[in-house]
Each structure stands twice: as structure tokens, then as C-alpha cells.
$ cat input_17.txt   # compact mmCIF, C-alpha atoms
# COMPACT_ATOMS: atom_id res chain seq x y z
CA MET G 1421 55.12 13.88 -34.58
CA ARG G 1422 53.11 16.62 -36.24
CA SER G 1423 53.99 20.25 -35.62
CA ILE G 1424 51.54 22.51 -33.79
CA GLN G 1425 51.06 24.44 -37.01
CA GLN G 1426 50.18 21.27 -38.90
CA ASP G 1427 47.70 20.28 -36.21
CA ILE G 1428 46.04 23.68 -36.38
CA ILE G 1429 45.79 23.48 -40.17
CA GLN G 1430 44.40 19.94 -40.08
CA LYS G 1431 41.85 20.78 -37.38
CA THR G 1432 40.77 23.82 -39.34
CA LEU G 1433 40.33 21.74 -42.48
CA THR G 1434 38.32 19.20 -40.48
CA GLN G 1435 36.05 21.94 -39.14
CA LEU G 1436 35.56 23.38 -42.63
CA THR G 1437 34.76 19.91 -43.95
CA TRP G 1438 32.07 19.41 -41.30
CA MET G 1439 30.64 22.88 -41.95
CA ALA G 1440 30.52 22.19 -45.68
CA LEU G 1441 28.93 18.79 -45.07
CA SER G 1442 26.28 20.35 -42.83
CA ALA G 1443 25.50 22.97 -45.46
CA PHE G 1444 25.27 20.30 -48.13
CA LEU G 1445 22.92 18.18 -46.03
CA VAL G 1446 20.66 21.15 -45.32
CA GLY G 1447 20.54 21.89 -49.04
CA CYS G 1448 19.60 18.30 -49.81
CA GLY G 1449 16.81 18.46 -47.23
CA GLY G 1450 14.82 21.01 -49.22
CA GLY G 1451 14.87 23.70 -46.54
CA SER G 1452 11.52 22.82 -44.94
CA SER G 1453 10.39 24.91 -41.98
CA SER G 1454 10.81 21.88 -39.72
CA SER G 1455 14.57 21.89 -40.24
CA THR G 1456 15.63 25.39 -41.33
CA PRO G 1457 14.69 28.56 -39.46
CA THR G 1458 13.29 31.29 -41.68
CA ASN G 1459 13.35 33.99 -39.02
CA THR G 1460 15.85 34.23 -36.20
CA THR G 1461 15.47 37.94 -35.50
CA ILE G 1462 14.46 37.35 -31.86
CA THR G 1463 17.39 38.50 -29.75
CA THR G 1464 15.71 39.06 -26.38
CA SER G 1465 12.79 37.51 -24.54
CA ALA G 1466 11.54 38.30 -21.07
CA GLY G 1467 10.48 34.70 -20.49
CA ILE G 1468 13.77 33.23 -21.70
CA SER G 1469 15.73 35.70 -19.57
CA GLU G 1470 13.58 35.02 -16.52
CA TYR G 1471 13.90 31.24 -16.62
CA THR G 1472 17.25 30.54 -18.32
CA THR G 1473 20.81 31.76 -18.62
CA LEU G 1474 20.68 31.70 -22.44
CA SER G 1475 21.94 34.56 -24.58
CA LEU G 1476 20.28 34.41 -27.99
CA THR G 1477 22.93 36.71 -29.41
CA ASN G 1478 25.84 34.55 -28.22
CA LEU G 1479 24.95 30.96 -28.95
CA SER G 1480 27.14 28.00 -28.12
CA ASN G 1481 28.71 26.19 -31.06
CA TYR G 1482 26.89 22.95 -31.68
CA ALA G 1483 26.91 22.95 -35.49
CA ALA G 1484 30.62 23.11 -36.30
CA PRO G 1485 32.67 21.28 -33.67
CA VAL G 1486 36.45 21.29 -34.08
CA LEU G 1487 37.31 17.60 -34.31
CA PRO G 1488 40.58 15.64 -34.41
CA VAL G 1489 41.92 14.74 -37.84
CA TYR G 1490 41.09 11.06 -37.30
CA TYR G 1491 37.39 12.00 -37.24
CA ASP G 1492 37.68 11.92 -41.01
CA GLU G 1493 35.57 10.53 -43.84
CA THR G 1494 35.47 7.05 -42.27
CA THR G 1495 33.85 8.52 -39.16
CA VAL G 1496 31.63 10.97 -41.03
CA ALA G 1497 30.26 7.99 -42.97
CA LEU G 1498 28.80 6.68 -39.69
CA ASP G 1499 26.94 9.91 -38.92
CA ASN G 1500 23.22 9.15 -38.46
CA THR G 1501 22.09 12.78 -38.80
CA PRO G 1502 19.02 12.92 -41.09
CA SER G 1503 19.75 14.53 -44.44
CA ASN G 1504 17.18 17.27 -43.78
CA SER G 1505 18.25 18.03 -40.21
CA ALA G 1506 21.88 19.10 -40.06
CA VAL G 1507 22.67 20.46 -36.59
CA ARG G 1508 21.95 24.18 -36.22
CA ASN G 1509 22.89 26.22 -33.16
CA GLN G 1510 19.39 27.68 -32.76
CA ILE G 1511 17.66 24.29 -32.82
CA ALA G 1512 20.25 22.56 -30.63
CA THR G 1513 19.92 25.40 -28.10
CA LEU G 1514 16.20 24.74 -27.94
CA GLY G 1515 17.06 21.06 -27.51
CA ARG G 1516 19.24 21.90 -24.53
CA VAL G 1517 16.30 23.65 -22.85
CA LEU G 1518 13.98 20.73 -23.60
CA PHE G 1519 16.55 18.23 -22.32
CA TYR G 1520 16.80 19.92 -18.92
CA ASP G 1521 13.20 21.07 -18.45
CA LYS G 1522 11.34 19.20 -15.70
CA ARG G 1523 8.15 20.84 -16.95
CA LEU G 1524 8.13 18.24 -19.72
CA SER G 1525 6.99 15.73 -17.11
CA ILE G 1526 3.37 15.59 -15.96
CA ASN G 1527 4.17 16.94 -12.47
CA ASP G 1528 7.29 19.03 -13.15
CA THR G 1529 9.67 16.60 -11.40
CA ILE G 1530 11.62 14.76 -14.13
CA SER G 1531 13.59 15.86 -17.17
CA CYS G 1532 15.67 13.94 -19.70
CA SER G 1533 18.71 15.01 -17.69
CA SER G 1534 17.34 13.36 -14.55
CA CYS G 1535 18.27 9.99 -16.07
CA HIS G 1536 21.10 11.19 -18.35
CA GLN G 1537 23.36 13.18 -16.05
CA GLN G 1538 26.22 15.15 -17.55
CA ALA G 1539 28.67 14.48 -14.71
CA SER G 1540 28.13 10.74 -15.23
CA GLY G 1541 28.72 10.84 -18.97
CA PHE G 1542 24.99 11.40 -19.55
CA ASP G 1543 24.31 8.14 -17.75
CA ASP G 1544 22.34 7.51 -14.56
CA PRO G 1545 24.47 6.53 -11.55
CA ARG G 1546 21.52 4.44 -10.36
CA ARG G 1547 20.89 0.99 -11.78
CA PHE G 1548 17.31 1.97 -12.60
CA SER G 1549 15.97 5.50 -12.96
CA VAL G 1550 13.23 6.92 -10.78
CA GLY G 1551 10.08 8.09 -12.56
CA PHE G 1552 7.86 11.12 -12.06
CA SER G 1553 6.02 9.54 -9.13
CA GLY G 1554 9.24 9.30 -7.14
CA ALA G 1555 8.34 5.77 -6.10
CA THR G 1556 8.45 3.75 -9.34
CA PHE G 1557 11.56 2.81 -11.26
CA THR G 1558 12.33 1.95 -14.87
CA THR G 1559 13.22 -1.61 -15.83
CA ALA G 1560 16.25 -0.73 -17.98
CA HIS G 1561 19.41 1.18 -17.21
CA ALA G 1562 19.76 4.62 -18.82
CA MET G 1563 22.30 4.68 -21.66
CA ARG G 1564 25.25 7.07 -22.02
CA LEU G 1565 24.67 9.58 -24.82
CA GLY G 1566 28.17 10.59 -25.94
CA ASN G 1567 28.83 9.84 -29.62
CA ILE G 1568 25.34 8.50 -30.38
CA ARG G 1569 25.72 10.48 -33.60
CA PHE G 1570 28.13 7.85 -34.91
CA TYR G 1571 26.06 4.71 -34.42
CA GLN G 1572 24.61 3.31 -37.62
CA PRO G 1573 21.81 2.77 -38.44
CA GLY G 1574 20.90 5.15 -35.59
CA SER G 1575 18.30 3.03 -33.82
CA MET G 1576 17.78 3.81 -30.16
CA PHE G 1577 16.94 2.15 -26.84
CA TRP G 1578 18.64 -1.03 -25.73
CA ASP G 1579 16.36 -3.13 -27.94
CA LYS G 1580 16.62 -0.77 -30.95
CA ARG G 1581 12.84 -0.29 -31.03
CA ALA G 1582 13.10 3.37 -32.10
CA THR G 1583 14.58 3.73 -35.56
CA SER G 1584 16.13 7.14 -34.92
CA ILE G 1585 17.18 9.53 -32.16
CA GLU G 1586 14.24 11.73 -33.13
CA LEU G 1587 11.65 8.96 -32.73
CA GLN G 1588 13.21 8.01 -29.42
CA ALA G 1589 13.21 11.55 -28.05
CA SER G 1590 9.54 11.91 -27.18
CA GLN G 1591 8.88 8.36 -25.97
CA PRO G 1592 10.10 8.91 -22.38
CA ILE G 1593 7.79 11.94 -22.18
CA GLN G 1594 4.81 9.68 -22.87
CA HIS G 1595 6.01 6.80 -20.70
CA PRO G 1596 3.75 5.87 -17.75
CA ILE G 1597 6.73 5.59 -15.39
CA GLU G 1598 9.26 8.07 -16.73
CA MET G 1599 7.59 11.43 -17.43
CA GLY G 1600 3.90 10.61 -17.41
CA PHE G 1601 2.30 12.33 -20.42
CA THR G 1602 0.34 9.20 -21.31
CA ALA G 1603 -2.66 9.08 -23.63
CA GLY G 1604 -4.90 8.98 -20.56
CA VAL G 1605 -3.89 12.51 -19.57
CA GLY G 1606 -3.81 13.89 -23.10
CA GLY G 1607 -0.40 12.73 -24.32
CA ILE G 1608 1.82 15.02 -26.38
CA PRO G 1609 -1.06 17.43 -27.22
CA ALA G 1610 -1.46 18.10 -23.49
CA LEU G 1611 2.25 18.76 -23.20
CA ILE G 1612 2.14 21.14 -26.16
CA ASN G 1613 -0.72 23.07 -24.53
CA LYS G 1614 1.41 23.35 -21.40
CA MET G 1615 4.39 24.57 -23.42
CA ASN G 1616 2.29 27.10 -25.34
CA ALA G 1617 1.19 28.58 -22.03
CA SER G 1618 4.78 29.04 -20.87
CA SER G 1619 6.58 32.38 -21.12
CA TYR G 1620 9.61 31.03 -22.98
CA TYR G 1621 8.73 28.18 -25.37
CA PRO G 1622 6.82 30.22 -27.99
CA ASP G 1623 9.82 32.55 -28.27
CA LEU G 1624 12.31 29.68 -28.33
CA PHE G 1625 10.43 27.88 -31.10
CA SER G 1626 10.21 31.14 -33.07
CA PHE G 1627 13.95 31.58 -32.61
CA ALA G 1628 14.70 28.02 -33.71
CA PHE G 1629 12.14 27.47 -36.47
CA GLY G 1630 10.94 30.89 -37.59
CA ASP G 1631 7.49 30.65 -36.00
CA ALA G 1632 6.03 29.76 -32.61
CA VAL G 1633 4.27 26.54 -33.64
CA ILE G 1634 5.15 23.72 -31.25
CA THR G 1635 4.85 20.19 -32.62
CA GLU G 1636 6.09 16.78 -31.56
CA THR G 1637 8.27 16.64 -34.68
CA ARG G 1638 9.99 19.88 -33.74
CA ILE G 1639 10.47 18.71 -30.15
CA GLN G 1640 12.03 15.52 -31.46
CA GLN G 1641 14.27 17.39 -33.88
CA ALA G 1642 15.56 19.80 -31.26
CA LEU G 1643 16.31 17.04 -28.75
CA GLY G 1644 17.95 14.98 -31.49
CA GLN G 1645 20.22 17.83 -32.53
CA PHE G 1646 21.28 18.60 -28.96
CA GLN G 1647 22.13 14.96 -28.31
CA ARG G 1648 24.01 14.53 -31.59
CA ALA G 1649 26.19 17.47 -30.59
CA MET G 1650 27.44 15.45 -27.58
CA ILE G 1651 30.63 14.37 -29.33
CA SER G 1652 33.40 12.91 -27.22
CA SER G 1653 36.88 13.47 -28.66
CA ASN G 1654 38.98 14.69 -25.74
CA SER G 1655 39.86 11.69 -23.59
CA ARG G 1656 43.43 10.63 -22.75
CA TRP G 1657 43.08 8.03 -25.47
CA ASP G 1658 42.21 10.74 -27.99
CA THR G 1659 45.19 12.86 -27.00
CA ALA G 1660 47.56 9.92 -27.39
CA TYR G 1661 46.03 8.50 -30.57
CA ALA G 1662 46.24 11.89 -32.27
CA GLN G 1663 50.03 11.52 -32.11
CA VAL G 1664 50.17 8.15 -33.87
CA PHE G 1665 47.17 8.28 -36.22
CA ASN G 1666 48.12 7.45 -39.78
CA PRO G 1667 45.33 7.02 -42.35
CA ASN G 1668 47.71 5.06 -44.57
CA ALA G 1669 49.00 2.69 -41.91
CA ASN G 1670 47.66 -0.74 -41.17
CA ASN G 1671 44.52 -0.31 -39.07
CA ARG G 1672 45.12 3.48 -39.17
CA GLY G 1673 47.72 3.27 -36.43
CA LEU G 1674 45.43 1.70 -33.85
CA GLY G 1675 47.98 -1.03 -33.22
CA THR G 1676 50.72 1.45 -32.36
CA PRO G 1677 51.79 1.88 -28.72
CA LEU G 1678 50.34 5.11 -27.34
CA PRO G 1679 52.59 7.84 -25.90
CA GLY G 1680 51.93 8.71 -22.29
CA PHE G 1681 50.20 5.41 -21.53
CA THR G 1682 51.39 3.23 -18.67
CA VAL G 1683 52.56 -0.30 -19.43
CA GLN G 1684 49.25 -1.60 -18.07
CA GLU G 1685 47.13 0.84 -20.10
CA ASP G 1686 48.98 0.03 -23.29
CA ARG G 1687 48.64 -3.69 -22.65
CA GLY G 1688 44.91 -3.06 -22.30
CA ARG G 1689 44.97 -1.19 -25.63
CA GLN G 1690 46.63 -4.19 -27.29
CA LEU G 1691 44.02 -6.57 -25.91
CA PHE G 1692 41.15 -4.25 -26.87
CA ILE G 1693 42.29 -3.75 -30.47
CA ALA G 1694 43.65 -7.17 -31.41
CA GLY G 1695 41.37 -10.09 -32.19
CA PRO G 1696 41.33 -13.37 -30.24
CA ASN G 1697 43.27 -15.05 -33.04
CA ASN G 1698 46.00 -12.43 -32.63
CA GLY G 1699 46.39 -12.60 -28.89
CA GLY G 1700 43.75 -10.02 -28.04
CA ALA G 1701 40.18 -9.86 -26.73
CA GLY G 1702 38.68 -8.42 -29.93
CA CYS G 1703 36.68 -5.65 -28.21
CA SER G 1704 37.22 -3.18 -31.05
CA ALA G 1705 35.37 -5.41 -33.50
CA CYS G 1706 32.14 -4.22 -31.87
CA HIS G 1707 33.21 -1.01 -30.08
CA GLN G 1708 34.88 0.81 -32.95
CA PRO G 1709 37.53 3.50 -32.45
CA PRO G 1710 37.73 6.47 -32.64
CA THR G 1711 34.15 6.97 -31.44
CA PHE G 1712 33.93 3.61 -29.64
CA ALA G 1713 30.32 3.43 -30.79
CA LEU G 1714 28.84 0.06 -31.65
CA ALA G 1715 29.41 -1.53 -35.04
CA ALA G 1716 26.27 -1.51 -37.17
CA ASN G 1717 26.27 -5.28 -37.69
CA SER G 1718 26.85 -6.28 -34.08
CA ARG G 1719 24.33 -8.48 -32.30
CA SER G 1720 23.76 -9.40 -28.67
CA ASN G 1721 26.52 -10.33 -26.26
CA GLY G 1722 25.26 -13.55 -24.69
CA LEU G 1723 24.24 -12.30 -21.27
CA ASP G 1724 21.53 -14.96 -20.92
CA ALA G 1725 21.15 -18.38 -22.46
CA GLY G 1726 18.54 -18.43 -25.21
CA GLU G 1727 18.46 -14.62 -25.53
CA THR G 1728 16.23 -13.52 -28.43
CA VAL G 1729 16.45 -9.72 -28.15
CA LEU G 1730 19.02 -7.93 -30.30
CA PHE G 1731 20.53 -5.57 -27.75
CA LYS G 1732 22.82 -2.65 -28.56
CA SER G 1733 25.18 -0.68 -26.35
CA PRO G 1734 26.23 2.96 -26.12
CA SER G 1735 29.70 4.23 -26.99
CA LEU G 1736 32.35 3.25 -24.48
CA LYS G 1737 33.45 6.86 -24.08
CA ASN G 1738 33.10 7.71 -20.36
CA VAL G 1739 32.24 4.09 -19.58
CA ALA G 1740 34.38 4.28 -16.44
CA LEU G 1741 32.02 6.91 -15.03
CA SER G 1742 29.11 4.48 -15.10
CA LYS G 1743 28.00 2.60 -12.01
CA ALA G 1744 25.81 0.00 -13.71
CA PHE G 1745 26.39 -1.91 -16.94
CA MET G 1746 24.32 -3.84 -19.51
CA HIS G 1747 20.69 -3.21 -20.41
CA ASP G 1748 19.47 -4.19 -16.97
CA GLY G 1749 22.42 -2.79 -15.03
CA ARG G 1750 23.24 -6.23 -13.66
CA PHE G 1751 26.98 -5.58 -13.43
CA ALA G 1752 28.29 -3.01 -10.97
CA SER G 1753 31.88 -2.76 -12.22
CA LEU G 1754 34.00 -2.90 -15.34
CA GLU G 1755 35.73 -5.90 -13.83
CA GLU G 1756 32.43 -7.81 -13.98
CA VAL G 1757 31.94 -6.69 -17.57
CA VAL G 1758 35.37 -7.99 -18.59
CA GLU G 1759 34.74 -11.27 -16.80
CA HIS G 1760 31.53 -11.76 -18.75
CA TYR G 1761 33.41 -11.61 -22.04
CA ASN G 1762 36.22 -13.68 -20.58
CA SER G 1763 34.13 -16.59 -19.34
CA GLY G 1764 30.40 -15.84 -19.33
CA VAL G 1765 29.14 -15.65 -22.93
CA LYS G 1766 26.09 -17.89 -23.45
CA LEU G 1767 24.51 -19.22 -26.61
CA GLY G 1768 21.19 -17.91 -27.94
CA PRO G 1769 19.43 -16.89 -31.16
CA ALA G 1770 20.41 -13.23 -30.79
CA LEU G 1771 24.08 -13.86 -29.98
CA ASP G 1772 26.74 -12.27 -32.17
CA GLY G 1773 28.00 -15.70 -33.12
CA ASN G 1774 30.64 -14.59 -35.60
CA ARG G 1775 32.46 -12.64 -32.90
CA LEU G 1776 31.45 -14.35 -29.65
CA ALA G 1777 30.81 -17.95 -30.61
CA PRO G 1778 33.10 -19.01 -33.44
CA ASN G 1779 32.23 -22.51 -34.66
CA GLY G 1780 29.14 -22.43 -32.45
CA VAL G 1781 31.14 -22.53 -29.21
CA PRO G 1782 30.92 -19.57 -26.76
CA LEU G 1783 34.14 -17.59 -26.70
CA ARG G 1784 36.40 -18.20 -23.73
CA LEU G 1785 39.32 -15.75 -23.65
CA SER G 1786 41.10 -17.27 -20.63
CA LEU G 1787 42.61 -13.91 -19.75
CA SER G 1788 45.02 -13.68 -16.85
CA ALA G 1789 44.21 -11.49 -13.87
CA ASP G 1790 46.79 -8.99 -15.11
CA ASP G 1791 45.24 -8.85 -18.58
CA LYS G 1792 41.74 -8.35 -17.18
CA ALA G 1793 43.04 -5.50 -15.05
CA ALA G 1794 44.80 -4.06 -18.11
CA LEU G 1795 41.54 -3.96 -20.09
CA VAL G 1796 39.83 -2.08 -17.27
CA SER G 1797 42.77 0.31 -17.09
CA PHE G 1798 42.52 0.97 -20.82
CA MET G 1799 38.79 1.68 -20.68
CA LYS G 1800 39.45 4.30 -18.02
CA THR G 1801 41.54 6.22 -20.57
CA LEU G 1802 38.31 6.77 -22.55
CA THR G 1803 37.00 9.17 -19.89
CA ASP G 1804 36.31 12.58 -21.44
CA THR G 1805 35.88 15.21 -18.76
CA THR G 1806 35.50 17.92 -21.40
CA LEU G 1807 32.11 16.46 -22.36
CA THR G 1808 31.08 16.03 -18.73
CA THR G 1809 31.86 19.65 -17.82
CA ASP G 1810 31.21 21.61 -21.03
CA PRO G 1811 28.83 24.48 -20.17
CA LYS G 1812 27.00 24.20 -23.49
CA PHE G 1813 25.71 20.79 -22.38
CA SER G 1814 24.82 21.93 -18.86
CA ASP G 1815 21.54 22.90 -17.23
CA PRO G 1816 20.47 26.33 -18.61
CA PHE G 1817 17.69 26.93 -16.07
CA LYS G 1818 17.65 29.57 -13.36
CA LYS G 1819 14.43 28.24 -11.87

$ encode --input "input_17.txt" --output "C-alpha cells"
Amino acid sequence: MRSIQQDIIQKTLTQLTWMALSAFLVGCGGGSSSSTPTNTTITTSAGISEYTTLSLTNLSNYAAPVLPVYYDETTVALDNTPSNSAVRNQIATLGRVLFYDKRLSINDTISCSSCHQQASGFDDPRRFSVGFSGATFTTAHAMRLGNIRFYQPGSMFWDKRATSIELQASQPIQHPIEMGFTAGVGGIPALINKMNASSYYPDLFSFAFGDAVITETRIQQALGQFQRAMISSNSRWDTAYAQVFNPNANNRGLGTPLPGFTVQEDRGRQLFIAGPNNGGAGCSACHQPPTFALAANSRSNGLDAGETVLFKSPSLKNVALSKAFMHDGRFASLEEVVEHYNSGVKLGPALDGNRLAPNGVPLRLSLSADDKAALVSFMKTLTDTTLTTDPKFSDPFKK
């Protein structure tokens, strides 16, 4: 067991490492005006004060989170932050406003947060999300956003069609169902005109970037930085793992029983971490601790026979808060999810055959009822209520 003093020292060193890394990445990016503010002298704004609760002189900390010691170089190596866009508090604060602003939809009814709700782990409790019309729904389930920073190569959407968080960020705004700024109504230029006419966006962009110019690239960057700041590291699993983590141990201590876990929860941990050849279910081969984000080389999970789309999944942090699972929300419980991997994997061109169909035969785990319940119990320990209640990720709007 580490002493409190040792933990404080190690956490401080981790924070300093991240701050140094951010500074290094900014330096490598060349300091362009799209990533580095040149003027942040704005401290008050009538429009910002009228519409939001923000204090420009007392910003939330997005850029230098204090992380557990096991978020070390192996985790940092998975960070998909662009080299010229290290998270800055000013830009992430703008991203928070953009994320919650319903005025980014064509009729002021839908924001990013409408489908990615903080209390639900930035997921949508509905199977499909309602669009700006109020009568039409999306065809895919909204993904949780916690720890998207640690998915390599950083592609977004269930089918990975956007190559980065930034390129994903403005697509829902232009979607004909989601937020409605389609080409037919002027697209992003029409949105920018609307933002320029507001009483707070010119000042916010000046605060974040040094001038009031609003561009799609800057919108994308701000939303990307806000979402990358959504790091989940305070679940019951995190608290327990911090006590057994050993960078020099086999599998970094992931195979060690966790203090404070029930017998059922720790049995679920064993099944999650160990591979099928070692008496486990092999879940961690794709959903990698400590972030539980998806492994970069994972493929699809055999939901449908003949599947050709390479689907991804979000981090499993806060998975127990979700009400719908898989890209189309077809499962309504974690029990159904576990049963799929236990007995439902189907062959197809996109299947992750190395993990889910060894020797060309779909994996059948043959888990007992107790073991299936244990896996569900373990996944519930990944719930991070700090992320779901943190004010810096909450709605900043007064009206």
C-alpha cells in the first residue's frame, strides 16, 4: 500500500508530466492562430454574462487534469490529441458553450448535449435520438464520450467514417435529422452568420483564439478539446486498482484481486481480464484498462451474419448508465450484451476473427449464469459519477 504522501507526490508528477507534454505538443504545432490564442485579455462580456454562468477570470481546469499514476506513458501513448491542438482552458471553455448551445441547430431546439447527456455518461437514454424536428429520429444510438481521448487512431462514429474528433464535431450540425444546418439552408456558413450576430460568440472566439473570426475549423477544435477533457478516472474500479497497480508486475497488476470488491465483482474482474484460454472471457483484449477504450486493432463483434462494416465502440466507463447498447441500440441491458459474447457471435467479413472466431469458429464462452452475472457486476464498478456530475462539464447557459 502506498502512503498518502507518496500518492500525492506521484499524482503531482503525473500532472506535471501532462502539463509538460501539452506544452511540448503546442510547441511542435507551430503556434498557429487556430490552436494558440494570441490575446486573452477579455475578462468581461455583457453577452457572455447575460447568457451563461461563465467567469472568464476563473476558468475550469481542462488542460492539466490530475490523473492516477497508472495513466502513465502507456496511456499517454494512446492520446489522439492533434500535435497542434493541445487542450487549452480557453478553447475548451468555448467548446463547452458550443456543446450545450441549442442555437447551433436550425430551429434552436437541439444541442450536442441533447443526445450526449452528462447524467447518462454523455450517452442518450433513448435508443435513438430525436432530431430538430421533434418527430424524426436518428438511426444509430448516441455513443458515450468519456475517454474518447484514448482511442487510437481517433476515428469517430460507430462506422469510423470521421478520422478525428474534430472532423466528427460539425457533422451532426449539418445533418438533415440531427441539427438541420444542411447545404439547402446554407450549411455551416449560415450557422456562422447566426453566431456572428449573437452577443456572446464574437467575444468567446476572441477570448479563445485572439480574434473574433468564427470558422468551422475553430468550432471543431473547441468541441474536440472539450470532449477530450472528459476523462474518466474516478470509478470504484479506479479507486481499487490504484492500490494494486504495479508497472513492473505481470499485466501491470490487472490480474490482482481488487480491495473493496465483492466476491462477485472480483470474479467478474477475473473473467473480464483473463483470456478464454485462461478461464476468462477475454473482454480486456478489446476494451483496454485503465481507460477501457477500444483497442486500435479491434474489428467488429459479430452482431449480424455477414457483417461488412467495421464498427467501433466507446469506452466502457459508465456503461452501466446506458439504456441501449450496440450501434443500433438493439440490446436493452448489459445481460443481453454479455449473452451476445457468450453465445451469439456470428461470422462475417468484418468480424474480429482473431479474438472472436479462433480457427474460423465463432467463440462460445459457455459461461454459467453466475459468471454472466459476475461480468455485469464488474462492469457496474466502472461507473464514474465524478464525470457525470462535474460542473465543468455541465450546461453553462442561463437562458

$ residues_around --input "input_17.txt" --residues "G:Ile1585" --least-positions-apart "2" --cutoff "6 Å" --atoms "all atoms listed in the file" --output "VMD selection string"
chain G and resid 1587 to 1588 1644

$ write_last_selection --input "input_17.txt" --atoms "C-alpha atoms" --output "CSV table (one decimal), in the frame of the given file"
chain,number,residue,atom,x,y,z
G,1587,LEU,CA,11.6,9.0,-32.7
G,1588,GLN,CA,13.2,8.0,-29.4
G,1644,GLY,CA,18.0,15.0,-31.5

$ atom_distance --input "input_17.txt" --atom1 "atom CA of G:Leu1474" --atom2 "atom CA of G:Ala1628"
13.3 Å

$ residues_around --input "input_17.txt" --residues "stretch 1716-1725 of chain G" --least-positions-apart "6" --cutoff "6 Å" --atoms "only C-alpha atoms" --output "list in words"
Gln1572, Phe1731, Val1765, Lys1766, Leu1767, Gly1768, Ala1770, Leu1771 and Asp1772 of chain G

$ closest_residue --input "input_17.txt" --among "G:Thr1711, G:Ala1752, G:Ala1669, G:Gln1647" --to "G:Thr1494" --atoms "all atoms listed in the file"
G:Thr1711

$ atom_distance --input "input_17.txt" --atom1 "atom CA of G:Tyr1620" --atom2 "atom CA of G:Asn1509"
17.4 Å

$ atom_distance --input "input_17.txt" --atom1 "atom CA of G:Phe1548" --atom2 "atom CA of G:Val1729"
19.5 Å

$ closest_residue --input "input_17.txt" --among "G:Gly1541, G:Pro1485, G:Pro1709, G:Pro1592" --to "G:Thr1808" --atoms "only C-alpha atoms"
G:Gly1541

$ closest_residue --input "input_17.txt" --among "G:Leu1498, G:Leu1783, G:Leu1524, G:Ile1608" --to "G:Phe1570" --atoms "all atoms listed in the file"
G:Leu1498

$ closest_residue --input "input_17.txt" --among "G:Val1781, G:Ala1660, G:Ala1694, G:Val1550" --to "G:Thr1682" --atoms "all atoms listed in the file"
G:Ala1660

$ residues_near_point --input "input_17.txt" --point "(34.2, 9.0, -39.6)" --cutoff "12 Å" --atoms "all atoms listed in the file" --output "list in words"
Thr1434, Thr1437, Trp1438, Leu1487, Pro1488, Val1489, Tyr1490, Tyr1491, Asp1492, Glu1493, Thr1494, Thr1495, Val1496, Ala1497, Leu1498, Asp1499, Asn1500, Asn1567, Arg1569, Phe1570, Tyr1571, Gln1572, Pro1667, Gln1708, Pro1709, Pro1710, Thr1711, Phe1712 and Ala1713 of chain G

$ axis_aligned_box --input "input_17.txt" --around "stretch 1703-1721 of chain G" --padding-each-side "8 Å" --output "AutoDock Vina command-line options"
--center_x 30.7 --center_y -1.7 --center_z -32.0 --size_x 30.0 --size_y 33.3 --size_z 27.4

$ residues_around --input "input_17.txt" --residues "G:Glu1755" --least-positions-apart "4" --cutoff "8 Å" --atoms "all atoms listed in the file" --output "list of chain:residue names"
G:Glu1759, G:Lys1792, G:Ala1793, G:Val1796

$ residues_around --input "input_17.txt" --residues "G:Asp1815" --least-positions-apart "4" --cutoff "12 Å" --atoms "only C-alpha atoms" --output "ChimeraX atom specification"
/G:1471-1474,1513,1515-1522,1531-1534,1536-1539,1808-1811,1819

$ closest_residue --input "input_17.txt" --among "G:Asp1791, G:Asp1623, G:Asp1748, G:Asp1528" --to "G:Ser1553" --atoms "all atoms listed in the file"
G:Asp1528

$ residues_around --input "input_17.txt" --residues "G:Val1739" --least-positions-apart "3" --cutoff "9 Å" --atoms "all atoms listed in the file" --output "PDB file with C-alpha atoms, in the frame of the given file"
ATOM      1  CA  SER G1540      28.130  10.740 -15.230  1.00  0.00           C
ATOM      2  CA  GLY G1541      28.720  10.840 -18.970  1.00  0.00           C
ATOM      3  CA  ARG G1564      25.250   7.070 -22.020  1.00  0.00           C
ATOM      4  CA  PRO G1734      26.230   2.960 -26.120  1.00  0.00           C
ATOM      5  CA  SER G1735      29.700   4.230 -26.990  1.00  0.00           C
ATOM      6  CA  LEU G1736      32.350   3.250 -24.480  1.00  0.00           C
ATOM      7  CA  SER G1742      29.110   4.480 -15.100  1.00  0.00           C
ATOM      8  CA  LYS G1743      28.000   2.600 -12.010  1.00  0.00           C
ATOM      9  CA  PHE G1745      26.390  -1.910 -16.940  1.00  0.00           C
ATOM     10  CA  LEU G1754      34.000  -2.900 -15.340  1.00  0.00           C
ATOM     11  CA  MET G1799      38.790   1.680 -20.680  1.00  0.00           C
ATOM     12  CA  LYS G1800      39.450   4.300 -18.020  1.00  0.00           C
ATOM     13  CA  LEU G1802      38.310   6.770 -22.550  1.00  0.00           C
ATOM     14  CA  THR G1803      37.000   9.170 -19.890  1.00  0.00           C
TER      15      THR G1803
END

$ decode --input "input_17.txt" --residues "stretch 1744-1755 of chain G" --atoms "N, CA and C atoms" --output "mmCIF file, in the first residue's frame"
data_model
loop_
_atom_site.group_PDB
_atom_site.id
_atom_site.type_symbol
_atom_site.label_atom_id
_atom_site.label_comp_id
_atom_site.auth_asym_id
_atom_site.auth_seq_id
_atom_site.Cartn_x
_atom_site.Cartn_y
_atom_site.Cartn_z
ATOM 1 N N ALA G 1744 -29.282 1.585 -23.788
ATOM 2 C CA ALA G 1744 -29.281 0.888 -25.074
ATOM 3 C C ALA G 1744 -27.834 0.621 -25.472
ATOM 4 N N PHE G 1745 -27.590 -0.509 -26.120
ATOM 5 C CA PHE G 1745 -26.238 -0.949 -26.397
ATOM 6 C C PHE G 1745 -26.097 -1.417 -27.842
ATOM 7 N N MET G 1746 -24.918 -1.288 -28.375
ATOM 8 C CA MET G 1746 -24.530 -1.569 -29.757
ATOM 9 C C MET G 1746 -24.920 -0.387 -30.655
ATOM 10 N N HIS G 1747 -24.418 -0.418 -31.882
ATOM 11 C CA HIS G 1747 -24.568 0.741 -32.767
ATOM 12 C C HIS G 1747 -26.029 1.075 -33.047
ATOM 13 N N ASP G 1748 -26.876 0.080 -33.011
ATOM 14 C CA ASP G 1748 -28.299 0.326 -33.269
ATOM 15 C C ASP G 1748 -29.144 0.195 -32.008
ATOM 16 N N GLY G 1749 -28.493 0.136 -30.851
ATOM 17 C CA GLY G 1749 -29.219 0.088 -29.593
ATOM 18 C C GLY G 1749 -30.094 -1.130 -29.421
ATOM 19 N N ARG G 1750 -29.769 -2.211 -30.083
ATOM 20 C CA ARG G 1750 -30.664 -3.376 -30.103
ATOM 21 C C ARG G 1750 -30.787 -4.069 -28.748
ATOM 22 N N PHE G 1751 -29.756 -3.965 -27.915
ATOM 23 C CA PHE G 1751 -29.814 -4.588 -26.597
ATOM 24 C C PHE G 1751 -30.203 -3.549 -25.555
ATOM 25 N N ALA G 1752 -31.044 -3.967 -24.620
ATOM 26 C CA ALA G 1752 -31.553 -3.042 -23.608
ATOM 27 C C ALA G 1752 -30.938 -3.274 -22.231
ATOM 28 N N SER G 1753 -29.986 -4.197 -22.139
ATOM 29 C CA SER G 1753 -29.374 -4.473 -20.836
ATOM 30 C C SER G 1753 -27.967 -5.023 -21.027
ATOM 31 N N LEU G 1754 -27.160 -4.890 -19.978
ATOM 32 C CA LEU G 1754 -25.825 -5.478 -20.010
ATOM 33 C C LEU G 1754 -25.902 -7.004 -20.042
ATOM 34 N N GLU G 1755 -26.947 -7.552 -19.467
ATOM 35 C CA GLU G 1755 -27.124 -9.002 -19.521
ATOM 36 C C GLU G 1755 -27.230 -9.482 -20.966
#
